[in-house]
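work18.cif (mmCIF, C-alpha atoms and all ligand atoms) appears below.
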```
data_input
#
loop_
_atom_site.label_atom_id
_atom_site.label_comp_id
_atom_site.auth_asym_id
_atom_site.auth_seq_id
_atom_site.Cartn_x
_atom_site.Cartn_y
_atom_site.Cartn_z
CA MET A 1083 23.79 -67.47 -50.76
CA ARG A 1084 26.47 -68.75 -53.02
CA ALA A 1085 28.59 -71.33 -51.26
CA SER A 1086 27.50 -70.30 -47.79
CA LEU A 1087 27.53 -73.85 -46.56
CA SER A 1088 31.03 -74.28 -47.85
CA VAL A 1089 32.01 -71.13 -46.01
CA SER A 1090 30.61 -72.40 -42.75
CA ARG A 1091 32.28 -75.76 -43.20
CA ALA A 1092 35.57 -74.12 -44.07
CA ILE A 1093 35.33 -72.02 -40.95
CA GLY A 1094 34.44 -75.02 -38.88
CA LEU A 1095 37.53 -76.84 -40.05
CA LEU A 1096 40.05 -74.07 -40.20
CA GLY A 1097 38.90 -71.53 -37.69
CA VAL A 1098 37.90 -67.93 -37.94
CA LEU A 1099 41.18 -66.73 -39.43
CA ALA A 1100 40.53 -68.77 -42.52
CA LEU A 1101 37.39 -66.78 -43.33
CA ALA A 1102 38.95 -64.18 -45.58
CA ALA A 1103 41.03 -66.63 -47.57
CA SER A 1104 38.35 -69.24 -48.03
CA SER A 1105 35.60 -66.84 -48.97
CA ALA A 1106 37.87 -64.98 -51.37
CA MET A 1107 38.15 -68.17 -53.37
CA LEU A 1108 34.44 -68.84 -53.12
CA GLY A 1109 33.62 -65.37 -54.33
CA THR A 1110 35.10 -65.87 -57.77
CA ARG A 1111 32.32 -65.90 -60.37
CA GLU A 1112 32.94 -67.79 -63.55
CA PRO A 1113 32.38 -65.90 -66.80
CA ALA A 1114 29.40 -67.00 -68.88
CA PHE A 1115 29.93 -70.28 -70.74
CA ALA A 1116 33.45 -70.59 -69.34
CA ASP A 1117 32.99 -74.35 -69.07
CA GLY A 1118 30.36 -74.75 -71.75
CA GLN A 1119 27.61 -74.29 -69.19
CA PRO A 1120 25.33 -71.26 -68.91
CA GLU A 1121 26.05 -68.86 -66.06
CA ALA A 1122 23.97 -69.30 -62.94
CA ARG A 1123 20.90 -67.06 -62.82
CA TRP A 1124 17.88 -66.56 -60.59
CA TRP A 1125 14.72 -68.61 -61.15
CA LYS A 1126 11.51 -67.48 -59.49
CA GLY A 1127 9.23 -70.14 -58.04
CA ASN A 1128 6.47 -70.97 -55.61
CA THR A 1129 6.78 -74.20 -53.65
CA HIS A 1130 3.41 -74.30 -51.90
CA THR A 1131 0.22 -74.48 -53.98
CA HIS A 1132 -3.11 -76.28 -53.65
CA THR A 1133 -5.63 -77.25 -56.32
CA LEU A 1134 -8.84 -79.25 -56.60
CA TRP A 1135 -6.67 -82.30 -55.95
CA SER A 1136 -6.95 -81.24 -52.28
CA ASP A 1137 -8.49 -78.10 -50.76
CA GLY A 1138 -7.68 -75.44 -53.38
CA ASP A 1139 -10.55 -73.99 -55.39
CA GLY A 1140 -8.80 -73.97 -58.77
CA ALA A 1141 -8.42 -76.78 -61.28
CA PRO A 1142 -4.77 -77.78 -61.58
CA GLU A 1143 -4.37 -76.25 -65.05
CA LEU A 1144 -5.80 -72.96 -63.76
CA ALA A 1145 -3.19 -72.89 -60.96
CA VAL A 1146 -0.28 -73.71 -63.26
CA ASP A 1147 -1.44 -71.21 -65.86
CA TRP A 1148 -1.65 -68.43 -63.23
CA TYR A 1149 2.01 -68.83 -62.30
CA ARG A 1150 3.40 -69.46 -65.76
CA ALA A 1151 1.58 -66.42 -67.18
CA ARG A 1152 3.17 -64.19 -64.51
CA GLY A 1153 6.75 -65.11 -65.19
CA TYR A 1154 7.37 -67.74 -62.54
CA ALA A 1155 9.99 -70.23 -63.76
CA PHE A 1156 8.90 -73.10 -61.55
CA LEU A 1157 5.99 -74.25 -59.45
CA ALA A 1158 5.34 -77.13 -57.08
CA LEU A 1159 1.76 -78.28 -56.72
CA THR A 1160 1.73 -79.45 -53.13
CA ASP A 1161 -1.66 -80.90 -52.43
CA HIS A 1162 -2.21 -82.53 -49.05
CA ASN A 1163 -0.88 -86.11 -49.08
CA GLN A 1164 -1.39 -86.24 -52.81
CA LEU A 1165 0.73 -86.45 -55.97
CA GLN A 1166 -1.84 -85.85 -58.75
CA GLU A 1167 -1.27 -89.28 -60.29
CA GLU A 1168 -4.43 -91.33 -60.32
CA GLU A 1169 -7.71 -91.02 -62.21
CA ARG A 1170 -9.87 -88.62 -60.22
CA TRP A 1171 -13.16 -86.96 -61.10
CA PHE A 1172 -14.19 -83.82 -59.23
CA PRO A 1173 -17.99 -83.28 -59.01
CA VAL A 1174 -19.53 -80.28 -60.74
CA LYS A 1175 -22.15 -78.76 -58.42
CA PRO A 1176 -23.81 -75.36 -58.00
CA SER A 1177 -22.27 -73.15 -55.28
CA SER A 1178 -19.27 -75.45 -54.89
CA ARG A 1179 -15.58 -75.13 -55.72
CA LEU A 1180 -16.43 -76.35 -59.21
CA ASP A 1181 -19.68 -75.17 -60.79
CA GLU A 1182 -20.81 -75.04 -64.42
CA ALA A 1183 -19.54 -71.49 -64.88
CA ARG A 1184 -16.03 -72.48 -63.78
CA VAL A 1185 -16.06 -75.49 -66.10
CA ALA A 1186 -17.15 -73.20 -68.95
CA ALA A 1187 -14.28 -70.83 -68.12
CA LEU A 1188 -11.80 -73.74 -68.19
CA ARG A 1189 -13.11 -74.77 -71.62
CA GLU A 1190 -12.80 -71.21 -72.85
CA ARG A 1191 -9.25 -70.83 -71.56
CA PHE A 1192 -7.76 -74.22 -72.42
CA GLY A 1193 -10.02 -75.58 -75.19
CA ALA A 1194 -12.96 -77.94 -74.86
CA ASP A 1195 -10.87 -80.93 -75.96
CA ARG A 1196 -8.60 -80.56 -72.92
CA ILE A 1197 -11.42 -80.30 -70.37
CA ASP A 1198 -12.84 -83.76 -69.81
CA VAL A 1199 -16.24 -83.68 -68.12
CA SER A 1200 -18.62 -86.62 -67.61
CA GLU A 1201 -21.45 -87.40 -65.23
CA ARG A 1202 -18.74 -88.12 -62.68
CA GLY A 1203 -17.47 -84.55 -62.89
CA LEU A 1204 -14.28 -82.97 -64.19
CA ARG A 1205 -11.37 -85.28 -64.73
CA LEU A 1206 -8.50 -83.67 -62.82
CA ALA A 1207 -5.35 -83.19 -64.86
CA THR A 1208 -2.46 -85.33 -63.61
CA LEU A 1209 1.02 -83.96 -63.07
CA ASP A 1210 2.19 -85.79 -66.21
CA ALA A 1211 -0.57 -84.17 -68.27
CA LEU A 1212 0.22 -80.75 -66.80
CA ARG A 1213 3.88 -81.20 -67.62
CA ALA A 1214 3.04 -82.02 -71.23
CA GLN A 1215 0.73 -79.00 -71.42
CA PHE A 1216 2.80 -76.32 -69.69
CA GLU A 1217 6.49 -77.15 -69.36
CA ALA A 1218 9.00 -75.49 -71.68
CA ALA A 1219 12.74 -76.12 -71.45
CA GLY A 1220 14.52 -73.26 -69.72
CA GLU A 1221 11.25 -71.37 -69.23
CA PHE A 1222 8.84 -73.23 -67.03
CA LEU A 1223 9.11 -76.32 -64.85
CA LEU A 1224 6.79 -78.24 -62.54
CA VAL A 1225 8.56 -79.68 -59.50
CA LYS A 1226 6.88 -82.76 -58.11
CA GLY A 1227 5.71 -82.01 -54.59
CA GLU A 1228 3.40 -82.87 -51.75
CA GLU A 1229 2.33 -81.26 -48.48
CA VAL A 1230 2.87 -84.11 -46.05
CA THR A 1231 0.01 -83.36 -43.70
CA ALA A 1232 -0.35 -84.85 -40.24
CA HIS A 1233 -1.76 -83.93 -36.87
CA TYR A 1234 -0.46 -84.59 -33.42
CA SER A 1235 -3.49 -85.02 -31.18
CA VAL A 1236 -3.55 -84.17 -27.50
CA PRO A 1237 -6.41 -86.23 -26.01
CA ALA A 1238 -9.29 -84.51 -24.25
CA THR A 1239 -9.08 -84.17 -20.48
CA SER A 1240 -11.79 -83.39 -17.96
CA THR A 1241 -11.04 -79.68 -18.38
CA ALA A 1242 -9.87 -79.33 -21.99
CA PRO A 1243 -11.12 -80.65 -25.32
CA LYS A 1244 -8.97 -82.74 -27.67
CA ARG A 1245 -6.43 -80.57 -29.45
CA ASP A 1246 -4.76 -81.09 -32.81
CA HIS A 1247 -1.34 -79.68 -33.64
CA PRO A 1248 -1.10 -79.49 -37.42
CA VAL A 1249 2.34 -80.55 -38.68
CA HIS A 1250 2.62 -79.78 -42.39
CA ILE A 1251 5.82 -80.30 -44.36
CA ASN A 1252 6.34 -79.73 -48.06
CA ALA A 1253 8.38 -82.35 -49.86
CA LEU A 1254 9.90 -81.15 -53.13
CA ASN A 1255 11.34 -83.25 -55.97
CA ILE A 1256 10.14 -86.54 -54.50
CA ASP A 1257 9.13 -89.32 -56.85
CA ALA A 1258 6.74 -91.39 -54.71
CA LEU A 1259 4.15 -90.33 -52.17
CA VAL A 1260 5.43 -89.81 -48.62
CA PRO A 1261 2.52 -90.87 -46.42
CA PRO A 1262 1.81 -89.02 -43.16
CA ARG A 1263 2.64 -90.89 -39.99
CA GLY A 1264 2.14 -90.74 -36.24
CA ALA A 1265 4.59 -89.88 -33.47
CA GLU A 1266 4.66 -89.07 -29.77
CA SER A 1267 5.04 -85.27 -30.01
CA PRO A 1268 4.76 -82.50 -32.61
CA ALA A 1269 8.56 -82.34 -32.85
CA ALA A 1270 8.83 -86.11 -33.28
CA LEU A 1271 6.13 -85.99 -35.94
CA MET A 1272 8.05 -83.24 -37.77
CA ASN A 1273 11.32 -85.17 -37.63
CA ALA A 1274 9.65 -88.42 -38.70
CA ALA A 1275 8.20 -86.68 -41.76
CA LEU A 1276 11.55 -85.06 -42.58
CA ALA A 1277 13.33 -88.41 -42.27
CA ALA A 1278 10.72 -89.99 -44.55
CA VAL A 1279 11.27 -87.30 -47.17
CA ARG A 1280 15.05 -87.78 -47.00
CA ALA A 1281 14.54 -91.54 -47.31
CA GLU A 1282 12.40 -90.99 -50.39
CA GLY A 1283 15.18 -88.84 -51.87
CA SER A 1284 17.70 -91.62 -51.25
CA ARG A 1285 15.36 -94.24 -52.68
CA ALA A 1286 14.69 -92.18 -55.79
CA GLY A 1287 18.35 -91.10 -56.08
CA ARG A 1288 17.64 -87.39 -56.29
CA PRO A 1289 18.15 -84.29 -54.14
CA VAL A 1290 15.01 -83.38 -52.22
CA VAL A 1291 14.08 -80.41 -50.09
CA ALA A 1292 11.58 -80.52 -47.25
CA HIS A 1293 10.30 -77.29 -45.72
CA VAL A 1294 8.34 -77.06 -42.50
CA ASN A 1295 5.24 -74.99 -43.19
CA HIS A 1296 3.52 -72.24 -41.20
CA PRO A 1297 4.74 -73.33 -37.74
CA ASN A 1298 2.26 -71.01 -35.98
CA PHE A 1299 -0.78 -72.38 -37.84
CA GLY A 1300 -2.89 -73.88 -35.05
CA TRP A 1301 0.19 -73.24 -32.88
CA GLY A 1302 1.36 -76.57 -34.27
CA LEU A 1303 5.10 -76.08 -33.71
CA ASP A 1304 7.04 -73.66 -31.54
CA TRP A 1305 10.55 -72.28 -31.97
CA GLU A 1306 12.01 -75.03 -29.79
CA ASP A 1307 10.51 -77.59 -32.16
CA LEU A 1308 12.21 -75.79 -35.06
CA ALA A 1309 15.46 -75.77 -33.08
CA GLY A 1310 15.15 -79.53 -32.63
CA LEU A 1311 14.73 -80.21 -36.31
CA GLU A 1312 17.29 -82.82 -37.37
CA GLY A 1313 19.76 -82.01 -40.15
CA LEU A 1314 19.86 -78.99 -42.45
CA GLY A 1315 16.42 -77.49 -42.33
CA PHE A 1316 14.04 -75.24 -44.22
CA PHE A 1317 10.93 -73.51 -42.95
CA GLU A 1318 8.43 -70.92 -44.08
CA VAL A 1319 9.47 -67.56 -42.71
CA TYR A 1320 6.65 -66.18 -44.87
CA ASN A 1321 3.43 -67.91 -45.92
CA GLY A 1322 0.75 -65.94 -47.78
CA HIS A 1323 -2.19 -67.67 -46.06
CA ARG A 1324 -3.87 -65.26 -43.66
CA SER A 1325 -4.71 -67.88 -41.01
CA VAL A 1326 -1.15 -68.90 -40.19
CA LYS A 1327 -0.44 -66.39 -37.38
CA GLN A 1328 2.86 -65.44 -38.91
CA GLY A 1329 3.29 -62.48 -36.59
CA GLY A 1330 2.73 -64.57 -33.46
CA ASP A 1331 0.58 -63.11 -30.70
CA ALA A 1332 1.01 -61.37 -27.35
CA THR A 1333 2.91 -64.28 -25.86
CA ARG A 1334 4.23 -66.23 -28.85
CA PRO A 1335 6.91 -65.10 -31.31
CA GLY A 1336 6.35 -64.54 -35.01
CA THR A 1337 8.11 -66.69 -37.57
CA GLU A 1338 11.10 -64.40 -38.11
CA ARG A 1339 11.80 -64.25 -34.37
CA MET A 1340 11.40 -68.03 -34.22
CA TRP A 1341 14.03 -68.30 -36.94
CA ASP A 1342 16.59 -66.36 -34.87
CA LEU A 1343 15.81 -68.24 -31.66
CA ALA A 1344 16.03 -71.59 -33.43
CA LEU A 1345 19.25 -70.66 -35.26
CA ALA A 1346 20.92 -69.55 -32.03
CA ARG A 1347 20.05 -72.76 -30.22
CA ARG A 1348 20.88 -75.04 -33.16
CA LEU A 1349 24.23 -73.46 -33.96
CA ALA A 1350 25.30 -73.16 -30.33
CA ALA A 1351 24.71 -76.91 -30.01
CA GLY A 1352 26.71 -77.67 -33.17
CA GLY A 1353 23.63 -78.16 -35.29
CA GLU A 1354 22.96 -77.29 -38.89
CA LEU A 1355 21.58 -74.11 -40.42
CA LEU A 1356 17.91 -73.39 -40.91
CA TYR A 1357 16.92 -71.70 -44.18
CA GLY A 1358 13.84 -69.58 -44.77
CA VAL A 1359 11.42 -69.78 -47.70
CA ALA A 1360 8.47 -67.59 -48.68
CA THR A 1361 5.43 -69.23 -50.27
CA ASP A 1362 1.84 -68.53 -51.26
CA ASP A 1363 0.11 -71.63 -49.85
CA THR A 1364 -2.45 -70.79 -52.53
CA HIS A 1365 -6.03 -72.02 -52.18
CA ASP A 1366 -8.06 -69.12 -53.63
CA TYR A 1367 -8.06 -68.53 -57.38
CA PHE A 1368 -11.44 -66.77 -57.54
CA GLY A 1369 -10.94 -63.68 -55.41
CA GLY A 1370 -11.18 -65.20 -51.93
CA ALA A 1371 -8.75 -63.17 -49.84
CA THR A 1372 -7.44 -65.85 -47.49
CA SER A 1373 -4.70 -67.39 -49.60
CA ARG A 1374 -4.37 -65.87 -53.04
CA PRO A 1375 -1.44 -66.50 -55.37
CA GLY A 1376 1.44 -64.03 -55.71
CA ARG A 1377 2.19 -63.08 -52.11
CA GLY A 1378 5.52 -64.79 -51.47
CA TRP A 1379 8.08 -66.74 -53.48
CA ILE A 1380 11.70 -67.81 -53.68
CA GLN A 1381 14.42 -66.98 -56.16
CA VAL A 1382 16.89 -69.83 -56.63
CA ARG A 1383 20.27 -69.43 -58.34
CA ALA A 1384 21.13 -72.27 -60.69
CA ARG A 1385 22.63 -72.71 -64.12
CA THR A 1386 19.75 -74.68 -65.53
CA LEU A 1387 16.04 -74.90 -64.87
CA ASP A 1388 15.78 -78.49 -63.73
CA ALA A 1389 14.49 -79.80 -60.44
CA ASN A 1390 17.75 -81.42 -59.34
CA ALA A 1391 19.72 -78.22 -59.98
CA LEU A 1392 17.16 -76.15 -58.09
CA MET A 1393 17.22 -78.52 -55.11
CA GLU A 1394 21.03 -78.59 -55.04
CA ALA A 1395 21.09 -74.79 -54.99
CA MET A 1396 18.57 -74.66 -52.17
CA LEU A 1397 20.53 -77.22 -50.16
CA ALA A 1398 23.60 -74.99 -50.62
CA GLY A 1399 21.62 -71.97 -49.40
CA ASP A 1400 21.85 -70.29 -52.80
CA PHE A 1401 18.38 -68.78 -52.81
CA TYR A 1402 16.37 -66.04 -51.14
CA ALA A 1403 12.78 -65.53 -50.07
CA SER A 1404 10.82 -62.53 -51.28
CA THR A 1405 7.48 -60.78 -51.04
CA GLY A 1406 8.34 -58.17 -53.65
CA VAL A 1407 12.03 -57.22 -53.41
CA THR A 1408 14.42 -58.33 -56.16
CA LEU A 1409 18.12 -58.94 -55.56
CA SER A 1410 20.78 -59.17 -58.24
CA ASP A 1411 23.40 -60.82 -56.04
CA VAL A 1412 23.89 -62.38 -52.61
CA ALA A 1413 27.34 -63.69 -51.78
CA VAL A 1414 30.10 -63.99 -49.21
CA ARG A 1415 33.32 -62.58 -50.66
CA ASP A 1416 36.56 -61.76 -48.88
CA GLY A 1417 34.89 -62.04 -45.49
CA VAL A 1418 32.09 -59.70 -46.53
CA TYR A 1419 28.39 -60.57 -46.81
CA VAL A 1420 27.19 -58.72 -49.92
CA VAL A 1421 23.55 -58.07 -50.79
CA ASP A 1422 22.93 -56.25 -54.06
CA VAL A 1423 19.36 -54.98 -54.31
CA VAL A 1424 17.71 -54.12 -57.62
CA ASP A 1425 14.85 -52.03 -56.17
CA GLU A 1426 15.41 -48.40 -55.16
CA GLY A 1427 15.26 -47.08 -51.61
CA CYS A 1428 15.47 -50.37 -49.72
CA THR A 1429 16.99 -50.83 -46.28
CA VAL A 1430 19.20 -53.87 -45.72
CA GLU A 1431 19.53 -55.14 -42.17
CA PHE A 1432 22.19 -57.73 -41.39
CA ILE A 1433 20.76 -59.74 -38.56
CA GLY A 1434 22.59 -62.28 -36.46
CA MET A 1435 24.12 -63.17 -33.18
CA ARG A 1436 27.58 -62.37 -31.93
CA LYS A 1437 29.29 -64.39 -29.24
CA GLY A 1438 27.75 -63.45 -25.90
CA GLY A 1439 25.06 -61.42 -27.66
CA GLU A 1440 21.39 -61.88 -28.35
CA PRO A 1441 19.82 -63.78 -31.24
CA GLY A 1442 18.23 -61.60 -33.90
CA ALA A 1443 20.40 -58.54 -33.22
CA VAL A 1444 20.62 -56.00 -36.04
CA LEU A 1445 24.38 -55.95 -36.66
CA LEU A 1446 24.19 -53.36 -39.43
CA SER A 1447 21.39 -51.41 -41.07
CA THR A 1448 22.29 -49.71 -44.33
CA SER A 1449 20.87 -48.27 -47.52
CA ASP A 1450 24.24 -48.61 -49.32
CA ASP A 1451 24.13 -50.22 -52.75
CA PRO A 1452 25.39 -52.91 -52.62
CA ALA A 1453 24.95 -53.50 -48.90
CA MET A 1454 28.03 -55.02 -47.31
CA TYR A 1455 28.58 -56.48 -43.88
CA THR A 1456 32.15 -57.27 -42.88
CA PHE A 1457 32.35 -60.28 -40.59
CA VAL A 1458 33.99 -59.53 -37.25
CA GLY A 1459 34.65 -63.22 -36.70
CA ASP A 1460 32.64 -63.90 -33.56
CA GLU A 1461 29.23 -64.18 -35.24
CA LEU A 1462 27.30 -67.38 -34.67
CA TYR A 1463 25.33 -66.57 -37.82
CA VAL A 1464 24.47 -63.64 -40.06
CA ARG A 1465 21.50 -63.27 -42.41
CA ALA A 1466 19.94 -60.26 -44.12
CA ARG A 1467 16.46 -58.79 -44.36
CA VAL A 1468 15.72 -56.26 -47.09
CA THR A 1469 12.76 -53.92 -46.60
CA SER A 1470 11.28 -51.88 -49.42
CA PRO A 1471 9.60 -48.48 -49.03
CA ARG A 1472 6.68 -50.01 -50.95
CA THR A 1473 3.83 -51.71 -49.14
CA HIS A 1474 2.83 -55.16 -50.34
CA PRO A 1475 -0.16 -54.89 -52.74
CA ASP A 1476 -1.85 -58.05 -51.43
CA PRO A 1477 -0.17 -59.00 -48.17
CA ASN A 1478 -0.65 -61.63 -45.52
CA THR A 1479 -0.90 -58.83 -42.94
CA ALA A 1480 -2.25 -55.33 -43.60
CA GLY A 1481 0.42 -52.67 -44.00
CA GLU A 1482 3.24 -55.14 -44.53
CA SER A 1483 6.25 -53.85 -46.52
CA GLU A 1484 7.66 -55.75 -49.47
CA ARG A 1485 10.67 -57.66 -48.18
CA ALA A 1486 13.35 -60.21 -48.97
CA TRP A 1487 15.20 -62.57 -46.67
CA THR A 1488 18.61 -64.02 -47.49
CA GLN A 1489 19.95 -67.17 -45.87
CA PRO A 1490 21.99 -67.35 -42.68
CA VAL A 1491 25.72 -68.01 -42.88
CA ALA A 1492 27.46 -69.66 -39.95
CA VAL A 1493 30.82 -68.25 -38.98
CA LEU A 1494 32.02 -69.60 -35.66
CA PRO A 1495 33.35 -73.15 -35.45
CA ARG A 1496 30.63 -75.50 -34.32
ZN ZN K 1501 -0.41 -76.49 -44.49
ZN ZN K 1502 -0.74 -75.78 -47.71
#
```
Rewrite the structure of this file - the entire thing - as structure tokens.
Amino acid sequence: MRASLSVSRAIGLLGVLALAASSAMLGTREPAFADGQPEARWWKGNTHTHTLWSDGDGAPELAVDWYRARGYAFLALTDHNQLQEEERWFPVKPSSRLDEARVAALRERFGADRIDVSERGLRLATLDALRAQFEAAGEFLLVKGEEVTAHYSVPATSTAPKRDHPVHINALNIDALVPPRGAESPAALMNAALAAVRAEGSRAGRPVVAHVNHPNFGWGLDWEDLAGLEGLGFFEVYNGHRSVKQGGDATRPGTERMWDLALARRLAAGGELLYGVATDDTHDYFGGATSRPGRGWIQVRARTLDANALMEAMLAGDFYASTGVTLSDVAVRDGVYVVDVVDEGCTVEFIGMRKGGEPGAVLLSTSDDPAMYTFVGDELYVRARVTSPRTHPDPNTAGESERAWTQPVAVLPR
């Protein structure tokens, strides 16, 4: 969403009547190279990937090669509490994540000179080595990342066993490891990790993004926890891993419903927006069905393919999440939320909450191209979901349609 945050801030300062004027200015697109810079374009990336550095089953070069070969522009390897920096040897054993056949396949694919094996095992490629091997200016980028992984433990009682709430947060574009920490509740743990990621960004002097992962995994976080997230937030509305209970259950909401409930509470209390990402959370590179690559991704609009530019765009809400739908444009212009879909036959639903209404209401459903929602002026927020007539070829949940989610825009003063 181009300049959505600026829109919401403009509205906050000037009131609803300013919407048309302010967004008209924001909607102006510069011609290509008008200021000597390339025009902004979409870059496809996955921000949640595991390798042999943690619990993935693929060597790091195998993971990077998978994404680069399929046209992704950027990738973050986000191993658990790990930055792929030190010397590490992974044992080669029969019937394990790394057997002789997989080592032979790595040699075949990347050349024997690149695959360093000793009696200690396979030497895992570091991020620096992967960058030297795979990065190409303007074509492919590795964003330094980590899944900050912690658990909030509820002690055993006489009637219930000890219970762990997983709290997993991806930190993108950090420079140094952000260690997991303890806290007195799942929400406090989440906010402590987010604060630590922000502090690392300040220390390193670079924009960083932290997204809360799979909130329903292990029922680690509920929608009220997401609502209580401090500052501008990001979370996984879609995660490709099949154990994350994305759809909720009989009594607990799915992630998209959680998004609306959290947005309504946050914005009503004067809080910041919450943006949604889609990711793979890849672990399985050899056919295992649980968390294969290619299920969900983001498209980020930036002029150049560098990590700082990508993070700045995400912080401005200028990105969308997808599981198969491609958009050519998302913008707020002249008080109209515009979603221009490339794929044929899609339905665009503008979802939001009007004053006195319910969170997650469908304000407009249309198959117009482009889809346009005209702000009435009393919306707390508006976002869009695009649904394709195609079913996802390798979904998280059977029968799932290919979709895209654009970011919420706040309208009412907060
Ligand atoms: Zn996780
Ligand atoms: Zn993960």
Per residue of chain A within 10 Å of ligand ZN 1501 (chain K), note the shortest atom pair and the distance in Å to one decimal, counting all atoms listed in the file, and order the rows by chain and increasing residue number, as JSON lines.
```
{"residue": "A:His1130", "atom": "CA", "partner": "K:ZN1501", "partner_atom": "ZN", "distance": 8.6}
{"residue": "A:Thr1131", "atom": "CA", "partner": "K:ZN1501", "partner_atom": "ZN", "distance": 9.7}
{"residue": "A:His1132", "atom": "CA", "partner": "K:ZN1501", "partner_atom": "ZN", "distance": 9.6}
{"residue": "A:Thr1160", "atom": "CA", "partner": "K:ZN1501", "partner_atom": "ZN", "distance": 9.4}
{"residue": "A:Asp1161", "atom": "CA", "partner": "K:ZN1501", "partner_atom": "ZN", "distance": 9.2}
{"residue": "A:His1162", "atom": "CA", "partner": "K:ZN1501", "partner_atom": "ZN", "distance": 7.8}
{"residue": "A:Glu1229", "atom": "CA", "partner": "K:ZN1501", "partner_atom": "ZN", "distance": 6.8}
{"residue": "A:Val1230", "atom": "CA", "partner": "K:ZN1501", "partner_atom": "ZN", "distance": 8.4}
{"residue": "A:Thr1231", "atom": "CA", "partner": "K:ZN1501", "partner_atom": "ZN", "distance": 6.9}
{"residue": "A:Ala1232", "atom": "CA", "partner": "K:ZN1501", "partner_atom": "ZN", "distance": 9.4}
{"residue": "A:Pro1248", "atom": "CA", "partner": "K:ZN1501", "partner_atom": "ZN", "distance": 7.7}
{"residue": "A:Val1249", "atom": "CA", "partner": "K:ZN1501", "partner_atom": "ZN", "distance": 7.6}
{"residue": "A:His1250", "atom": "CA", "partner": "K:ZN1501", "partner_atom": "ZN", "distance": 4.9}
{"residue": "A:Ile1251", "atom": "CA", "partner": "K:ZN1501", "partner_atom": "ZN", "distance": 7.3}
{"residue": "A:Asn1252", "atom": "CA", "partner": "K:ZN1501", "partner_atom": "ZN", "distance": 8.3}
{"residue": "A:Val1294", "atom": "CA", "partner": "K:ZN1501", "partner_atom": "ZN", "distance": 9.0}
{"residue": "A:Asn1295", "atom": "CA", "partner": "K:ZN1501", "partner_atom": "ZN", "distance": 6.0}
{"residue": "A:His1296", "atom": "CA", "partner": "K:ZN1501", "partner_atom": "ZN", "distance": 6.7}
{"residue": "A:Pro1297", "atom": "CA", "partner": "K:ZN1501", "partner_atom": "ZN", "distance": 9.1}
{"residue": "A:Phe1299", "atom": "CA", "partner": "K:ZN1501", "partner_atom": "ZN", "distance": 7.8}
{"residue": "A:Asn1321", "atom": "CA", "partner": "K:ZN1501", "partner_atom": "ZN", "distance": 9.5}
{"residue": "A:His1323", "atom": "CA", "partner": "K:ZN1501", "partner_atom": "ZN", "distance": 9.1}
{"residue": "A:Val1326", "atom": "CA", "partner": "K:ZN1501", "partner_atom": "ZN", "distance": 8.8}
{"residue": "A:Asp1363", "atom": "CA", "partner": "K:ZN1501", "partner_atom": "ZN", "distance": 7.3}
```
* Can you find the residues with an atom no farther than 10 Å from (11.3, -62.4, -40.8), counting only C-alpha atoms, and report them as a VMD selection string? -> chain A and resid 1318 to 1320 1328 to 1329 1336 to 1342 1358 1360 1403 1442 1466 to 1468 1485 to 1487
Give me, as JSON lines, the closest atom pair and its distance (Å, one decimal) for every residue of segment 1346-1441 of chain A within a cut-off of 10 Å of segment 1214-1220 of chain A, counting all atoms listed in the file, rows sorted by chain and rising number.
```
{"residue": "A:Arg1385", "atom": "CA", "partner": "A:Gly1220", "partner_atom": "CA", "distance": 9.9}
{"residue": "A:Thr1386", "atom": "CA", "partner": "A:Gly1220", "partner_atom": "CA", "distance": 6.9}
{"residue": "A:Leu1387", "atom": "CA", "partner": "A:Gly1220", "partner_atom": "CA", "distance": 5.3}
{"residue": "A:Asp1388", "atom": "CA", "partner": "A:Gly1220", "partner_atom": "CA", "distance": 8.1}
```
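Of the residues listed (A:Ala1344, A:Thr1129, A:Ala1351, A:Asp1425), A:Thr1129 shows the shortest atom-to-atom separation from Gly1378 of chain A; distances use only C-alpha atoms.
Considering the residues A:Ser1267, A:Ser1325, A:Thr1448, A:Asn1390 and counting all atoms listed in the file, ligand ZN 1502 (chain K) has its shortest atom-to-atom contact with A:Ser1325.
When only C-alpha atoms are used to compute distances to Asp1366 of chain A, the closest of the residues A:Ala1151, A:Thr1133, A:Glu1121, A:Ala1158 turns out to be A:Thr1133.
The gap separating atom CA of Arg1377 of chain A from atom CA of Gly1322 of chain A is 5.4 Å, in Å to one decimal.
Here atom CA of Cys1428 of chain A stands at a distance of 6.2 Å from atom CA of Ser1449 of chain A.
One distance worth recording is that between atom CA of Pro1268 of chain A and atom CA of Tyr1234 of chain A, which is 5.7 Å.
With only C-alpha atoms as the atoms that count, the residue of A:Ile1197, A:Val1260, A:Leu1188, A:Leu1445 with the shortest distance to Leu1165 of chain A is A:Val1260.
Candidate residues A:Asp1422, A:Asp1362, A:Asp1246, A:Asp1460 were compared for distance to ligand ZN 1502 (chain K), and the nearest is A:Asp1362, using only C-alpha atoms and all ligand atoms.
Among A:Leu1204, A:Val1199, A:Ala1253, A:Leu1314, the residue with the shortest atom-to-atom distance to ligand ZN 1502 (chain K), counting all atoms listed in the file, is A:Ala1253.
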* Please identify all polymer residues within 12 Å of Tyr1149 of chain A, counting only C-alpha atoms, omitting same-chain residues fewer than 2 positions from it, and present them as a ChimeraX atom specification. => /A:1126-1131,1142-1147,1151-1159,1216-1217,1221-1224,1362,1364,1367,1374-1377,1379
* **Distance query Tyr1419 of chain A at most 9 Å, all atoms listed in the file, self and fewer than 6 positions along chain excluded, as JSON, numbers by chain** => {"A": [1412, 1413, 1432, 1453, 1454, 1455, 1456, 1457, 1464, 1465, 1466, 1491]}
